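As stored in coords-v4.txt (compact mmCIF, C-alpha atoms (C1' of nucleotides)):
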```
# COMPACT_ATOMS: atom_id res chain seq x y z
CA MET A 1 16.56 13.02 2.48
CA ARG A 2 16.66 16.18 4.62
CA ASP A 3 14.65 14.43 7.37
CA LEU A 4 16.95 11.45 7.12
CA SER A 5 20.12 13.51 7.39
CA GLU A 6 18.72 15.28 10.43
CA ALA A 7 17.86 11.94 12.03
CA VAL A 8 21.43 10.70 11.69
CA GLY A 9 22.94 14.05 12.56
CA ILE A 10 24.76 15.02 9.40
CA ARG A 11 24.22 17.51 6.57
CA PRO A 12 21.94 16.48 3.67
CA GLY A 13 24.76 16.40 1.13
CA SER A 14 26.93 14.22 3.35
CA LEU A 15 24.47 11.35 3.00
CA TYR A 16 25.83 10.80 -0.47
CA SER A 17 29.22 9.64 0.78
CA HIS A 18 27.32 6.70 2.32
CA ILE A 19 24.73 5.97 -0.35
CA SER A 20 24.71 6.38 -4.10
CA SER A 21 21.13 7.58 -4.49
CA LYS A 22 17.81 7.81 -2.71
CA GLU A 23 16.39 5.03 -4.84
CA HIS A 24 19.29 2.69 -4.22
CA LEU A 25 18.82 3.23 -0.50
CA LEU A 26 15.15 2.30 -0.84
CA LEU A 27 16.09 -0.81 -2.78
CA GLY A 28 18.45 -1.80 0.02
CA ILE A 29 15.78 -1.40 2.67
CA VAL A 30 13.32 -3.45 0.64
CA GLU A 31 15.79 -6.22 -0.19
CA THR A 32 17.16 -6.68 3.32
CA GLY A 33 13.62 -6.40 4.66
CA ILE A 34 12.18 -9.26 2.61
CA THR A 35 15.36 -11.27 3.00
CA SER A 36 14.93 -11.31 6.76
CA PHE A 37 11.51 -12.91 6.27
CA ILE A 38 12.88 -15.43 3.79
CA ASP A 39 15.72 -16.37 6.14
CA ALA A 40 13.28 -16.96 8.97
CA ILE A 41 10.77 -18.99 6.97
CA ARG A 42 12.97 -21.10 4.71
CA PRO A 43 14.28 -23.42 7.47
CA VAL A 44 10.68 -24.20 8.38
CA VAL A 45 9.82 -25.11 4.81
CA ASP A 46 12.80 -27.45 4.61
CA GLU A 47 11.87 -29.27 7.79
CA ASP A 48 10.16 -32.65 7.71
CA LEU A 49 6.76 -31.73 9.10
CA PRO A 50 3.11 -32.12 8.18
CA ALA A 51 2.02 -29.29 5.89
CA GLU A 52 -0.33 -27.89 8.50
CA GLU A 53 2.48 -27.65 11.06
CA LYS A 54 4.78 -26.16 8.48
CA LEU A 55 2.24 -23.47 7.70
CA ARG A 56 1.78 -22.72 11.38
CA GLU A 57 5.51 -22.41 11.98
CA ALA A 58 6.00 -20.32 8.85
CA LEU A 59 3.27 -17.92 9.96
CA ARG A 60 4.80 -17.74 13.43
CA ALA A 61 8.22 -17.04 11.97
CA HIS A 62 6.72 -14.31 9.82
CA MET A 63 4.92 -12.64 12.70
CA ARG A 64 8.03 -12.77 14.88
CA VAL A 65 10.10 -10.99 12.25
CA LEU A 66 7.31 -8.47 11.72
CA ASP A 67 7.18 -7.91 15.46
CA GLY A 68 10.84 -6.94 15.42
CA GLN A 69 10.74 -4.59 12.42
CA VAL A 70 7.31 -3.13 11.74
CA GLU A 71 8.51 0.11 10.18
CA GLN A 72 10.99 -1.50 7.82
CA THR A 73 8.34 -4.04 6.83
CA ARG A 74 5.89 -1.30 5.94
CA VAL A 75 8.48 0.04 3.51
CA THR A 76 9.36 -3.47 2.36
CA PHE A 77 5.82 -4.50 1.53
CA HIS A 78 4.41 -1.28 0.15
CA GLN A 79 7.11 1.11 -1.08
CA TRP A 80 8.88 -1.14 -3.60
CA GLN A 81 6.31 0.03 -6.15
CA TYR A 82 7.98 3.45 -6.21
CA LEU A 83 11.24 1.99 -7.48
CA GLY A 84 12.10 2.79 -11.08
CA PRO A 85 12.06 0.32 -13.99
CA VAL A 86 15.65 -0.71 -13.26
CA ASN A 87 15.25 -1.57 -9.57
CA ARG A 88 11.61 -2.63 -9.29
CA PRO A 89 12.28 -6.00 -10.96
CA LYS A 90 15.07 -6.67 -8.45
CA ALA A 91 12.72 -6.06 -5.54
CA LEU A 92 9.99 -8.11 -7.20
CA ALA A 93 12.37 -11.04 -7.61
CA VAL A 94 13.03 -11.18 -3.87
CA ARG A 95 9.35 -10.75 -3.13
CA GLU A 96 8.52 -13.68 -5.39
CA GLU A 97 11.09 -15.78 -3.60
CA TRP A 98 9.25 -15.01 -0.35
CA GLU A 99 5.89 -15.87 -1.90
CA SER A 100 7.30 -19.12 -3.32
CA LEU A 101 7.92 -20.40 0.21
CA PHE A 102 4.19 -20.35 0.88
CA THR A 103 3.52 -21.78 -2.55
CA ARG A 104 5.67 -24.78 -1.63
CA ILE A 105 3.93 -25.32 1.69
CA VAL A 106 0.47 -25.21 0.15
CA ALA A 107 1.46 -27.24 -2.92
CA ASP A 108 3.12 -29.93 -0.80
CA GLY A 109 0.09 -30.07 1.46
CA ILE A 110 -2.20 -30.63 -1.50
CA ALA A 111 0.16 -33.20 -3.01
CA SER A 112 0.29 -35.18 0.21
CA GLY A 113 -3.47 -35.05 0.58
CA GLU A 114 -3.37 -33.03 3.80
CA PHE A 115 -5.04 -30.10 2.08
CA ARG A 116 -7.92 -30.58 -0.30
CA PRO A 117 -7.17 -29.92 -3.97
CA ARG A 118 -8.11 -26.43 -5.11
CA GLU A 119 -9.01 -25.13 -8.50
CA HIS A 120 -7.43 -21.72 -8.02
CA PHE A 121 -4.51 -22.84 -5.95
CA ARG A 122 -2.36 -19.82 -6.79
CA LEU A 123 -5.15 -17.70 -5.36
CA THR A 124 -4.71 -19.33 -1.97
CA VAL A 125 -1.11 -18.19 -1.89
CA LEU A 126 -2.12 -14.70 -2.97
CA MET A 127 -4.62 -14.63 -0.12
CA ILE A 128 -2.02 -15.69 2.44
CA ALA A 129 0.37 -13.06 1.09
CA GLY A 130 -2.44 -10.50 1.17
CA ILE A 131 -3.26 -11.27 4.79
CA LEU A 132 0.38 -11.02 5.84
CA GLY A 133 0.80 -7.83 3.83
CA SER A 134 -2.20 -6.26 5.50
CA ALA A 135 -1.03 -7.45 8.92
CA THR A 136 1.84 -5.03 8.42
CA GLU A 137 -0.71 -2.25 8.67
CA TRP A 138 -2.71 -3.32 11.71
CA TYR A 139 -0.21 -5.29 13.77
CA ARG A 140 1.02 -3.45 16.87
CA PRO A 141 3.99 -4.96 18.77
CA SER A 142 2.62 -3.39 21.94
CA GLY A 143 -0.82 -4.97 21.42
CA ARG A 144 -2.40 -7.56 23.73
CA SER A 145 -1.82 -10.43 21.27
CA SER A 146 1.63 -11.93 20.85
CA PRO A 147 3.05 -12.60 17.38
CA GLU A 148 2.40 -16.30 17.94
CA GLU A 149 -1.22 -15.76 18.93
CA ILE A 150 -1.86 -13.72 15.82
CA ALA A 151 -0.05 -16.26 13.69
CA ASP A 152 -2.13 -19.10 15.13
CA ALA A 153 -5.36 -17.19 14.57
CA ILE A 154 -4.38 -16.65 10.95
CA HIS A 155 -3.42 -20.30 10.67
CA ASP A 156 -6.72 -21.39 12.17
CA GLN A 157 -8.64 -19.21 9.73
CA ILE A 158 -6.71 -20.29 6.65
CA VAL A 159 -6.75 -23.99 7.49
CA GLY A 160 -10.11 -24.39 9.18
CA GLY A 161 -12.14 -21.68 7.52
CA LEU A 162 -15.26 -20.21 9.06
CA THR A 163 -17.17 -23.45 9.43
CA SER A 164 -14.90 -26.34 10.38
CA GLY A 165 -11.82 -26.43 12.57
CA MET B 1 -0.95 18.19 -10.95
CA ARG B 2 0.97 18.99 -14.18
CA ASP B 3 0.30 15.46 -15.50
CA LEU B 4 -3.32 15.78 -14.51
CA SER B 5 -3.78 19.11 -16.25
CA GLU B 6 -2.21 17.73 -19.39
CA ALA B 7 -4.52 14.71 -19.27
CA VAL B 8 -7.61 16.92 -19.18
CA GLY B 9 -6.19 19.41 -21.65
CA ILE B 10 -5.96 22.58 -19.59
CA ARG B 11 -3.15 24.60 -17.98
CA PRO B 12 -1.92 23.54 -14.52
CA GLY B 13 -3.21 26.67 -12.80
CA SER B 14 -6.66 26.28 -14.34
CA LEU B 15 -7.23 23.09 -12.34
CA TYR B 16 -7.78 25.29 -9.31
CA SER B 17 -11.00 26.72 -10.65
CA HIS B 18 -12.38 23.16 -10.42
CA ILE B 19 -10.76 21.91 -7.23
CA SER B 20 -9.66 23.64 -4.06
CA SER B 21 -6.46 21.71 -3.47
CA LYS B 22 -4.57 18.59 -4.47
CA GLU B 23 -5.36 16.97 -1.15
CA HIS B 24 -9.06 17.71 -1.35
CA LEU B 25 -9.11 16.11 -4.78
CA LEU B 26 -7.47 13.00 -3.34
CA LEU B 27 -10.01 12.92 -0.53
CA GLY B 28 -12.80 13.06 -3.10
CA ILE B 29 -11.39 10.15 -5.07
CA VAL B 30 -10.99 8.08 -1.92
CA GLU B 31 -14.45 8.88 -0.56
CA THR B 32 -16.38 8.24 -3.76
CA GLY B 33 -14.24 5.16 -4.35
CA ILE B 34 -15.08 3.46 -1.05
CA THR B 35 -18.65 4.68 -1.23
CA SER B 36 -19.20 2.77 -4.46
CA PHE B 37 -18.19 -0.42 -2.66
CA ILE B 38 -20.43 0.35 0.29
CA ASP B 39 -23.37 1.07 -2.00
CA ALA B 40 -22.90 -2.26 -3.76
CA ILE B 41 -22.46 -4.35 -0.64
CA ARG B 42 -24.97 -2.83 1.78
CA PRO B 43 -28.10 -4.16 0.01
CA VAL B 44 -26.65 -7.65 0.27
CA VAL B 45 -26.06 -7.30 3.99
CA ASP B 46 -29.64 -6.15 4.49
CA GLU B 47 -31.09 -9.10 2.60
CA ASP B 48 -32.58 -12.09 4.41
CA LEU B 49 -30.05 -14.74 3.51
CA PRO B 50 -27.89 -17.32 5.26
CA ALA B 51 -24.61 -15.77 6.36
CA GLU B 52 -22.63 -17.91 3.96
CA GLU B 53 -24.72 -16.72 0.99
CA LYS B 54 -24.47 -13.14 2.21
CA LEU B 55 -20.72 -13.39 2.33
CA ARG B 56 -20.62 -14.88 -1.16
CA GLU B 57 -22.81 -12.13 -2.60
CA ALA B 58 -20.89 -9.42 -0.77
CA LEU B 59 -17.62 -10.72 -2.17
CA ARG B 60 -19.14 -10.89 -5.64
CA ALA B 61 -20.43 -7.35 -5.34
CA HIS B 62 -17.00 -6.21 -4.25
CA MET B 63 -15.21 -7.91 -7.12
CA ARG B 64 -17.69 -6.52 -9.64
CA VAL B 65 -17.08 -2.96 -8.47
CA LEU B 66 -13.34 -3.57 -8.46
CA ASP B 67 -13.60 -4.94 -11.99
CA GLY B 68 -15.13 -1.65 -13.08
CA GLN B 69 -12.67 0.70 -11.38
CA VAL B 70 -9.30 -0.88 -10.68
CA GLU B 71 -7.28 2.31 -10.88
CA GLN B 72 -9.55 4.35 -8.64
CA THR B 73 -9.62 1.46 -6.15
CA ARG B 74 -5.83 1.37 -5.99
CA VAL B 75 -5.93 5.02 -4.92
CA THR B 76 -8.91 4.36 -2.64
CA PHE B 77 -7.30 1.50 -0.73
CA HIS B 78 -3.71 2.65 -0.54
CA GLN B 79 -3.33 6.42 -0.99
CA TRP B 80 -5.61 7.64 1.82
CA GLN B 81 -2.60 7.35 4.12
CA TYR B 82 -1.05 10.37 2.42
CA LEU B 83 -3.92 12.61 3.49
CA GLY B 84 -3.09 15.14 6.20
CA PRO B 85 -4.35 15.04 9.79
CA VAL B 86 -7.50 16.92 8.83
CA ASN B 87 -8.66 14.68 5.99
CA ARG B 88 -7.26 11.28 6.92
CA PRO B 89 -9.90 10.75 9.64
CA LYS B 90 -12.64 11.49 7.11
CA ALA B 91 -11.31 8.83 4.76
CA LEU B 92 -10.84 6.40 7.63
CA ALA B 93 -14.43 6.88 8.70
CA VAL B 94 -15.72 5.77 5.31
CA ARG B 95 -13.26 2.91 5.22
CA GLU B 96 -14.49 1.72 8.62
CA GLU B 97 -18.04 1.84 7.35
CA TRP B 98 -16.99 -0.48 4.54
CA GLU B 99 -15.24 -2.81 6.96
CA SER B 100 -18.27 -2.82 9.26
CA LEU B 101 -20.37 -4.45 6.54
CA PHE B 102 -18.16 -7.52 6.69
CA THR B 103 -18.12 -7.35 10.47
CA ARG B 104 -21.91 -7.62 10.43
CA ILE B 105 -21.93 -10.58 8.07
CA VAL B 106 -19.39 -12.51 10.10
CA ALA B 107 -20.91 -11.54 13.46
CA ASP B 108 -24.41 -12.52 12.33
CA GLY B 109 -23.09 -15.81 11.01
CA ILE B 110 -21.49 -16.61 14.34
CA ALA B 111 -24.58 -15.51 16.26
CA SER B 112 -26.84 -17.75 14.17
CA GLY B 113 -24.47 -20.69 14.56
CA GLU B 114 -23.67 -20.87 10.86
CA PHE B 115 -20.05 -19.96 11.54
CA ARG B 116 -18.14 -21.42 14.45
CA PRO B 117 -17.35 -19.00 17.27
CA ARG B 118 -13.88 -17.49 17.04
CA GLU B 119 -11.65 -16.10 19.71
CA HIS B 120 -10.15 -13.38 17.55
CA PHE B 121 -13.22 -12.58 15.59
CA ARG B 122 -12.11 -9.07 14.64
CA LEU B 123 -9.06 -10.70 13.08
CA THR B 124 -11.28 -12.58 10.64
CA VAL B 125 -12.67 -9.31 9.37
CA LEU B 126 -9.17 -7.85 9.10
CA MET B 127 -8.16 -10.89 7.06
CA ILE B 128 -11.10 -10.49 4.68
CA ALA B 129 -10.31 -6.80 4.30
CA GLY B 130 -6.65 -7.66 3.76
CA ILE B 131 -7.48 -10.17 1.05
CA LEU B 132 -9.75 -7.70 -0.76
CA GLY B 133 -7.19 -4.94 -0.37
CA SER B 134 -4.48 -7.12 -1.89
CA ALA B 135 -6.83 -8.23 -4.67
CA THR B 136 -6.67 -4.61 -5.82
CA GLU B 137 -3.02 -5.25 -6.67
CA TRP B 138 -3.23 -8.55 -8.50
CA TYR B 139 -6.69 -8.52 -10.06
CA ARG B 140 -6.72 -7.94 -13.80
CA PRO B 141 -10.07 -7.24 -15.50
CA SER B 142 -8.68 -8.77 -18.66
CA GLY B 143 -7.64 -11.97 -16.86
CA ARG B 144 -9.11 -15.43 -17.47
CA SER B 145 -11.13 -15.43 -14.26
CA SER B 146 -14.31 -13.40 -13.97
CA PRO B 147 -14.97 -11.24 -10.91
CA GLU B 148 -17.49 -13.85 -9.75
CA GLU B 149 -15.04 -16.72 -10.10
CA ILE B 150 -12.46 -14.88 -8.04
CA ALA B 151 -15.09 -13.94 -5.47
CA ASP B 152 -16.24 -17.53 -5.17
CA ALA B 153 -12.66 -18.78 -4.79
CA ILE B 154 -12.11 -16.28 -1.99
CA HIS B 155 -15.43 -17.31 -0.43
CA ASP B 156 -14.50 -20.96 -0.65
CA GLN B 157 -11.15 -20.32 1.03
CA ILE B 158 -12.55 -18.14 3.80
CA VAL B 159 -15.51 -20.38 4.58
CA GLY B 160 -14.09 -23.83 3.95
CA GLY B 161 -10.41 -23.30 4.71
CA LEU B 162 -7.69 -25.55 3.38
CA THR B 163 -9.06 -28.79 4.76
CA SER B 164 -12.83 -28.95 4.65
CA GLY B 165 -15.27 -27.54 2.15
C1' DC C 1 -9.65 29.15 -18.68
C1' DC C 2 -4.93 31.60 -19.75
C1' DT C 3 -0.40 34.03 -18.86
C1' DA C 4 2.94 34.70 -15.81
C1' DC C 5 4.84 33.87 -11.81
C1' DC C 6 5.80 32.77 -6.64
C1' DG C 7 8.27 30.63 -2.73
C1' DA C 8 9.35 26.16 -1.12
C1' DT C 9 11.34 21.98 -1.61
C1' DC C 10 13.54 18.30 -3.98
C1' DG C 11 17.72 14.97 -5.08
C1' DG C 12 22.19 15.63 -5.76
C1' DT C 13 27.16 17.72 -6.73
C1' DA C 14 31.76 20.45 -6.51
C1' DG C 15 35.39 21.44 -3.91
C1' DG C 16 37.49 21.31 0.09
C1' DC D 1 31.80 15.18 6.62
C1' DC D 2 30.98 20.42 5.64
C1' DT D 3 29.83 24.74 2.93
C1' DA D 4 27.63 26.36 -0.72
C1' DC D 5 25.05 25.73 -4.33
C1' DC D 6 22.53 23.81 -8.70
C1' DG D 7 18.59 22.98 -11.79
C1' DA D 8 14.21 20.88 -11.64
C1' DT D 9 9.91 20.45 -9.92
C1' DC D 10 6.26 21.21 -6.75
C1' DG D 11 1.36 23.12 -5.29
C1' DG D 12 -0.76 27.12 -5.84
C1' DT D 13 -2.05 32.35 -6.84
C1' DA D 14 -2.91 37.13 -9.07
C1' DG D 15 -4.96 39.34 -12.52
C1' DG D 16 -7.20 39.26 -16.47
```
As structure tokens, what does this structure read like?
Amino acid sequence: MRDLSEAVGIRPGSLYSHISSKEHLLLGIVETGITSFIDAIRPVVDEDLPAEEKLREALRAHMRVLDGQVEQTRVTFHQWQYLGPVNRPKALAVREEWESLFTRIVADGIASGEFRPREHFRLTVLMIAGILGSATEWYRPSGRSSPEEIADAIHDQIVGGLTSG
Amino acid sequence: MRDLSEAVGIRPGSLYSHISSKEHLLLGIVETGITSFIDAIRPVVDEDLPAEEKLREALRAHMRVLDGQVEQTRVTFHQWQYLGPVNRPKALAVREEWESLFTRIVADGIASGEFRPREHFRLTVLMIAGILGSATEWYRPSGRSSPEEIADAIHDQIVGGLTSG
DNA sequence: CCTACCGATCGGTAGG
DNA sequence: CCTACCGATCGGTAGG
């Protein structure tokens, strides 16, 4: 909180006329962080597109948002676990809403026959979420690959695998 | 450190006749943690097997080690970032050694023609690492799926993708 | 391994 | 938004 107050140019104690507690501030960062991903991806999910295209556009939307807020996303994806028993469930609820968007894309794709049926279908979603979560760590906005290039490489890997394409 | 001392049944200050500092203790946990994965996976990489089989066995080895030490692995994969500038590079070096095992499997598979060539080949390794890192969060040893089942589902997804198999 | 303690830092508040 | 401060907790040490 001292670092924070210095960054915004006020005294440590004065922060508390803007926020109610350190933890509530963290919750806010996490909630608005995930919400920005949800807002970017949901329109894609609602579109009338083949599942494969939907997944590609959803991944692109994700990477574009990440590109614009890497630091907040690092907090969003990894620091919610330090919330207390009152606020952690709130953060988890929003996170599950985000995950459910990918669940819908994959489930619809299987239902329509575009994707092959999978025994551990929930695992596929966990893997996509895991890849995007880890991308938060290694993605650099200043890197040589654009958000879209990275998104398409992820898409290609998830859809085509190592053998086909 | 107070929690820790209580858990082992000695006074807080007495910990320091066993360890030199809190951070050095963390480094030890991280280093031995990753090393146990490396030790389990390296023999597989050195075997004479098709790349696809190598990847399957490496993933199984990983999930078996994870199954035996979930808590230590959570520290290993996520808490090394809290090490200072002196010790973080040491932890990163071991982590990169772990990652390099998967790099070799994928690179060999591409070289032998078993896997299709990929533009962003390093990305594939980052995705595998990301999936295994996230598995640390959702894997439950008491769950209905064995380590091998999970490993094979991950293998199936990475190799076959969503469409072929 | 214990007793006793240190200085630093933490989130947060009272009163203006 | 500031001054001034609180009690709690932190990693760690001296001396036995």
Quick one: chain A onto chain B, least squares on all Cα paired in order, result as a tab-separated table (two decimals) with C-alpha atoms, in the coordinates of the input?
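Final output, out-v6.tsv:
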```
chain	number	residue	atom	x	y	z
A	1	MET	CA	-0.93	18.16	-10.97
A	2	ARG	CA	0.96	18.97	-14.19
A	3	ASP	CA	0.32	15.42	-15.50
A	4	LEU	CA	-3.31	15.75	-14.53
A	5	SER	CA	-3.78	19.09	-16.27
A	6	GLU	CA	-2.19	17.68	-19.40
A	7	ALA	CA	-4.52	14.67	-19.28
A	8	VAL	CA	-7.60	16.88	-19.20
A	9	GLY	CA	-6.18	19.37	-21.66
A	10	ILE	CA	-5.93	22.54	-19.63
A	11	ARG	CA	-3.13	24.56	-18.02
A	12	PRO	CA	-1.89	23.50	-14.55
A	13	GLY	CA	-3.18	26.64	-12.84
A	14	SER	CA	-6.63	26.26	-14.37
A	15	LEU	CA	-7.21	23.08	-12.37
A	16	TYR	CA	-7.75	25.25	-9.34
A	17	SER	CA	-10.99	26.71	-10.68
A	18	HIS	CA	-12.35	23.15	-10.45
A	19	ILE	CA	-10.75	21.91	-7.24
A	20	SER	CA	-9.65	23.64	-4.08
A	21	SER	CA	-6.44	21.71	-3.49
A	22	LYS	CA	-4.57	18.58	-4.48
A	23	GLU	CA	-5.36	16.97	-1.15
A	24	HIS	CA	-9.06	17.71	-1.34
A	25	LEU	CA	-9.12	16.11	-4.77
A	26	LEU	CA	-7.48	13.00	-3.33
A	27	LEU	CA	-10.01	12.92	-0.52
A	28	GLY	CA	-12.80	13.05	-3.09
A	29	ILE	CA	-11.39	10.15	-5.06
A	30	VAL	CA	-11.00	8.08	-1.91
A	31	GLU	CA	-14.45	8.88	-0.54
A	32	THR	CA	-16.37	8.24	-3.75
A	33	GLY	CA	-14.24	5.15	-4.33
A	34	ILE	CA	-15.09	3.45	-1.04
A	35	THR	CA	-18.66	4.67	-1.21
A	36	SER	CA	-19.20	2.78	-4.45
A	37	PHE	CA	-18.19	-0.42	-2.65
A	38	ILE	CA	-20.43	0.35	0.30
A	39	ASP	CA	-23.39	1.06	-1.98
A	40	ALA	CA	-22.91	-2.25	-3.75
A	41	ILE	CA	-22.47	-4.36	-0.63
A	42	ARG	CA	-24.97	-2.84	1.79
A	43	PRO	CA	-28.10	-4.17	0.02
A	44	VAL	CA	-26.65	-7.66	0.28
A	45	VAL	CA	-26.07	-7.31	4.00
A	46	ASP	CA	-29.65	-6.16	4.52
A	47	GLU	CA	-31.10	-9.10	2.64
A	48	ASP	CA	-32.58	-12.08	4.45
A	49	LEU	CA	-30.06	-14.76	3.53
A	50	PRO	CA	-27.90	-17.34	5.26
A	51	ALA	CA	-24.61	-15.78	6.36
A	52	GLU	CA	-22.63	-17.92	3.95
A	53	GLU	CA	-24.72	-16.72	1.00
A	54	LYS	CA	-24.49	-13.16	2.21
A	55	LEU	CA	-20.72	-13.40	2.32
A	56	ARG	CA	-20.62	-14.87	-1.17
A	57	GLU	CA	-22.82	-12.14	-2.59
A	58	ALA	CA	-20.90	-9.42	-0.77
A	59	LEU	CA	-17.62	-10.72	-2.18
A	60	ARG	CA	-19.15	-10.89	-5.65
A	61	ALA	CA	-20.44	-7.35	-5.35
A	62	HIS	CA	-17.00	-6.21	-4.25
A	63	MET	CA	-15.22	-7.91	-7.12
A	64	ARG	CA	-17.69	-6.51	-9.65
A	65	VAL	CA	-17.09	-2.96	-8.47
A	66	LEU	CA	-13.34	-3.57	-8.45
A	67	ASP	CA	-13.61	-4.92	-11.98
A	68	GLY	CA	-15.14	-1.64	-13.10
A	69	GLN	CA	-12.68	0.71	-11.37
A	70	VAL	CA	-9.31	-0.86	-10.66
A	71	GLU	CA	-7.28	2.34	-10.86
A	72	GLN	CA	-9.55	4.36	-8.61
A	73	THR	CA	-9.62	1.47	-6.14
A	74	ARG	CA	-5.85	1.38	-5.97
A	75	VAL	CA	-5.94	5.01	-4.90
A	76	THR	CA	-8.91	4.37	-2.61
A	77	PHE	CA	-7.32	1.50	-0.73
A	78	HIS	CA	-3.72	2.64	-0.53
A	79	GLN	CA	-3.34	6.41	-0.98
A	80	TRP	CA	-5.62	7.63	1.82
A	81	GLN	CA	-2.61	7.33	4.14
A	82	TYR	CA	-1.05	10.36	2.44
A	83	LEU	CA	-3.92	12.61	3.50
A	84	GLY	CA	-3.11	15.14	6.19
A	85	PRO	CA	-4.35	15.05	9.80
A	86	VAL	CA	-7.51	16.94	8.84
A	87	ASN	CA	-8.67	14.69	5.99
A	88	ARG	CA	-7.27	11.28	6.93
A	89	PRO	CA	-9.89	10.75	9.66
A	90	LYS	CA	-12.65	11.49	7.13
A	91	ALA	CA	-11.33	8.83	4.78
A	92	LEU	CA	-10.84	6.40	7.65
A	93	ALA	CA	-14.45	6.88	8.73
A	94	VAL	CA	-15.73	5.77	5.33
A	95	ARG	CA	-13.28	2.90	5.25
A	96	GLU	CA	-14.51	1.71	8.63
A	97	GLU	CA	-18.07	1.85	7.38
A	98	TRP	CA	-17.01	-0.48	4.55
A	99	GLU	CA	-15.26	-2.82	6.97
A	100	SER	CA	-18.30	-2.83	9.28
A	101	LEU	CA	-20.38	-4.46	6.54
A	102	PHE	CA	-18.16	-7.53	6.69
A	103	THR	CA	-18.12	-7.36	10.47
A	104	ARG	CA	-21.92	-7.64	10.44
A	105	ILE	CA	-21.93	-10.59	8.07
A	106	VAL	CA	-19.38	-12.52	10.10
A	107	ALA	CA	-20.90	-11.55	13.46
A	108	ASP	CA	-24.40	-12.53	12.34
A	109	GLY	CA	-23.09	-15.82	11.01
A	110	ILE	CA	-21.48	-16.62	14.34
A	111	ALA	CA	-24.58	-15.53	16.25
A	112	SER	CA	-26.82	-17.76	14.18
A	113	GLY	CA	-24.47	-20.69	14.57
A	114	GLU	CA	-23.66	-20.91	10.86
A	115	PHE	CA	-20.06	-19.97	11.53
A	116	ARG	CA	-18.14	-21.42	14.43
A	117	PRO	CA	-17.35	-19.01	17.27
A	118	ARG	CA	-13.89	-17.48	17.04
A	119	GLU	CA	-11.65	-16.10	19.70
A	120	HIS	CA	-10.15	-13.37	17.55
A	121	PHE	CA	-13.24	-12.58	15.57
A	122	ARG	CA	-12.12	-9.07	14.64
A	123	LEU	CA	-9.08	-10.69	13.07
A	124	THR	CA	-11.28	-12.58	10.64
A	125	VAL	CA	-12.67	-9.31	9.36
A	126	LEU	CA	-9.18	-7.85	9.09
A	127	MET	CA	-8.16	-10.87	7.05
A	128	ILE	CA	-11.10	-10.50	4.67
A	129	ALA	CA	-10.32	-6.80	4.30
A	130	GLY	CA	-6.65	-7.65	3.76
A	131	ILE	CA	-7.47	-10.15	1.02
A	132	LEU	CA	-9.76	-7.70	-0.76
A	133	GLY	CA	-7.19	-4.93	-0.37
A	134	SER	CA	-4.49	-7.09	-1.88
A	135	ALA	CA	-6.82	-8.21	-4.67
A	136	THR	CA	-6.67	-4.60	-5.81
A	137	GLU	CA	-3.03	-5.22	-6.65
A	138	TRP	CA	-3.22	-8.53	-8.50
A	139	TYR	CA	-6.69	-8.48	-10.03
A	140	ARG	CA	-6.70	-7.89	-13.80
A	141	PRO	CA	-10.08	-7.19	-15.48
A	142	SER	CA	-8.69	-8.73	-18.65
A	143	GLY	CA	-7.64	-11.92	-16.84
A	144	ARG	CA	-9.10	-15.38	-17.50
A	145	SER	CA	-11.12	-15.40	-14.26
A	146	SER	CA	-14.31	-13.38	-13.98
A	147	PRO	CA	-14.99	-11.22	-10.91
A	148	GLU	CA	-17.50	-13.83	-9.76
A	149	GLU	CA	-15.05	-16.70	-10.11
A	150	ILE	CA	-12.47	-14.87	-8.06
A	151	ALA	CA	-15.07	-13.92	-5.49
A	152	ASP	CA	-16.23	-17.53	-5.18
A	153	ALA	CA	-12.66	-18.77	-4.80
A	154	ILE	CA	-12.12	-16.27	-2.01
A	155	HIS	CA	-15.42	-17.28	-0.46
A	156	ASP	CA	-14.50	-20.95	-0.67
A	157	GLN	CA	-11.16	-20.29	1.00
A	158	ILE	CA	-12.54	-18.12	3.78
A	159	VAL	CA	-15.49	-20.38	4.57
A	160	GLY	CA	-14.05	-23.81	3.92
A	161	GLY	CA	-10.40	-23.29	4.70
A	162	LEU	CA	-7.67	-25.53	3.37
A	163	THR	CA	-9.01	-28.78	4.76
A	164	SER	CA	-12.80	-28.92	4.64
A	165	GLY	CA	-15.23	-27.54	2.10
```
(message) I'd like the contact shell of DG15 (chain D) - 12 Å cut-off, only C-alpha atoms (C1' of nucleotides), skipping same-chain residues fewer than 5 positions apart - returned as a PyMOL selection string.
(response) chain C and resi 2-5
(request) Return the single residue from A:Leu15, A:Ala7, A:Met127, A:Leu27 that is closest to chain C, with distances computed using all atoms listed in the file. (result)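 The closest residue to chain C is A:Leu15.
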(request) Go ahead and compute the interatomic distance for CA of Leu59 (chain B) and CA of Leu101 (chain A), in Å to one decimal. (result)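 Atom-to-atom, CA of Leu59 (chain B) and CA of Leu101 (chain A) are spaced 27.4 Å apart.
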(request) Using all atoms listed in the file, determine which residues lie at most 10 Å from DT13 (chain D), disregarding the query and same-chain residues fewer than 6 positions distant; provide the list as a ChimeraX atom specification. (result) /B:13,16 /C:5-6
